[in-house]
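Input: a single structure, listed below in structure tokens.
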Amino acid sequence: MDTVPGTGYKIAQGPGAFSYSIDSLFLTYFARAKGRVLDLGCGPGILYFRSLNPDLKSYTGLDINPQALDYFRESLAYNGLGREVRLEEKSLEDFHEPGAYETVLCNPPYYQNYLRTENSEKNQAKHEGNLGLRDFILKGAQSLRPLGSLYLVLPADRLVDAMVFCRQGGAEPKRLQFLSKKSQGQAHWFCLEARKNAKPHLRVDPDLNLQDHRDLIYSGPRNL
């Protein structure tokens, strides 16, 4: 069992399921999960354990990797949590709950035809296959109630794609933040909040970097 940064919870991870990394921690620092929450590609559950707060009413985790979901269940049992959690072993194509959620969290596959590894589970988590970034964003937007929020974390070079796909799904980009590795370095990741059926107006939050703000990101979700 590993400690979930910024919390007192423990999480089960191991070979055969993709372990969390800084992008998941950045997303859960940026996002505010509330109401009914959907986690697209939930893996072992890092977004759930980092997102727990009094405004979270229910949590649905969707993943096609059965071993990742087994780790998620093991972690729930270990921490004495899970009454509000529903885990679905389904593909994105087989999941249909339109307009059901106030919040959608998504750390989607984003690499295309490069940087693949010999770890099939890691490839599945981080590389686009038959279903690409557009499919994840459109499914997330479809699943939102009006004015519900879709939260994404992606490499900086996918920003234009993400904004285009959000608008195609009727989710307007509303808030953006970049994260770099060094204080004077170029942006490496971004987090984006898009709201269903919202009016256009984008707020860009101050940039963060791992050199100066690692402890802040690891500490847990910020107060919004």
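Chain lettering (A, B, ...) mirrors the order of the structure tokens, residue numbering begins at 1 for each chain separately, and ligand numbering begins at 1 in order of display.
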
Could you list, with a cut-off of 8 Å and counting only C-alpha atoms, the residues of stretch 2-93 of chain A near stretch 142-158 of chain A, each shown with its nearest atom pair and the distance in Å rounded to one decimal, rows sorted by chain and ascending number, as CSV?
residue,atom,partner,partner_atom,distance
A:Asp23,CA,A:Val153,CA,6.4
A:Ser24,CA,A:Val153,CA,7.5
A:Phe26,CA,A:Val153,CA,7.6
A:Leu27,CA,A:Val153,CA,5.7
A:Ala31,CA,A:Tyr151,CA,6.3

Selected residues written out with N, CA, C and O atoms, as a PDB file, in the first residue's frame:
ATOM      1  N   ASP A  23       0.617  14.050 -13.139  1.00  0.00           N
ATOM      2  CA  ASP A  23      -0.543  14.606 -13.841  1.00  0.00           C
ATOM      3  C   ASP A  23      -1.831  14.381 -13.051  1.00  0.00           C
ATOM      4  O   ASP A  23      -2.689  15.267 -12.983  1.00  0.00           O
ATOM      5  N   SER A  24      -1.966  13.215 -12.410  1.00  0.00           N
ATOM      6  CA  SER A  24      -3.142  12.962 -11.579  1.00  0.00           C
ATOM      7  C   SER A  24      -3.171  13.873 -10.357  1.00  0.00           C
ATOM      8  O   SER A  24      -4.244  14.347  -9.944  1.00  0.00           O
ATOM      9  N   PHE A  26      -1.783  16.873 -10.165  1.00  0.00           N
ATOM     10  CA  PHE A  26      -2.083  18.211 -10.675  1.00  0.00           C
ATOM     11  C   PHE A  26      -3.578  18.369 -10.924  1.00  0.00           C
ATOM     12  O   PHE A  26      -4.192  19.378 -10.557  1.00  0.00           O
ATOM     13  N   LEU A  27      -4.190  17.356 -11.546  1.00  0.00           N
ATOM     14  CA  LEU A  27      -5.626  17.422 -11.827  1.00  0.00           C
ATOM     15  C   LEU A  27      -6.437  17.558 -10.544  1.00  0.00           C
ATOM     16  O   LEU A  27      -7.370  18.366 -10.468  1.00  0.00           O
ATOM     17  N   ALA A  31      -8.951  20.608  -9.702  1.00  0.00           N
ATOM     18  CA  ALA A  31     -10.389  20.354  -9.807  1.00  0.00           C
ATOM     19  C   ALA A  31     -11.087  20.457  -8.447  1.00  0.00           C
ATOM     20  O   ALA A  31     -10.471  20.295  -7.397  1.00  0.00           O
TER      21      ALA A  31
END

Tell me which protein, DNA and RNA residues are within 10 Å of stretch 166-178 of chain A, counting only C-alpha atoms, leaving out same-chain ones fewer than 5 positions away, and put them as a ChimeraX atom specification. /A:26-27,30,134-142,144,146-156,159-161,186-209

Nearest residue to A:Arg36 from the set A:Leu133, A:Ala12, A:Ile22, A:Leu105 (distances using only C-alpha atoms): A:Leu105

Residues of chain A in strand (DSSP E), written as an MDAnalysis selection string: chainID A and resid 2:3 10:11 35:40 56:63 85:89 101:106 144:155 171:180 187:196 203:204 208:209

Quick one: everything within 10 Å of A:Val37, counting only C-alpha atoms, minus sequence neighbours fewer than 3 positions away in the same chain. Send it as a count of residues only. 23

Figure out the distance between atom CA of A:Asn53 and atom CA of A:Tyr218, please, to one decimal in Å. 16.4 Å

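Atom CA of A:Leu92 is found 28.6 Å from atom CA of A:Met1.
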
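With distances taken over only C-alpha atoms, A:Ser75 is the one residue among A:Ser75, A:Thr28, A:Ser91, A:Asn65 lying closest to A:Thr3.
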
I need the residue nearest A:Gly45 from this list: A:Phe72, A:Arg86, A:Tyr29, A:Ser19. Use only C-alpha atoms for the distance. A:Phe72

Which is closest to A:Cys106 among A:Gln67, A:Leu87, A:Asn79, A:Gly41, if we use only C-alpha atoms? A:Gly41
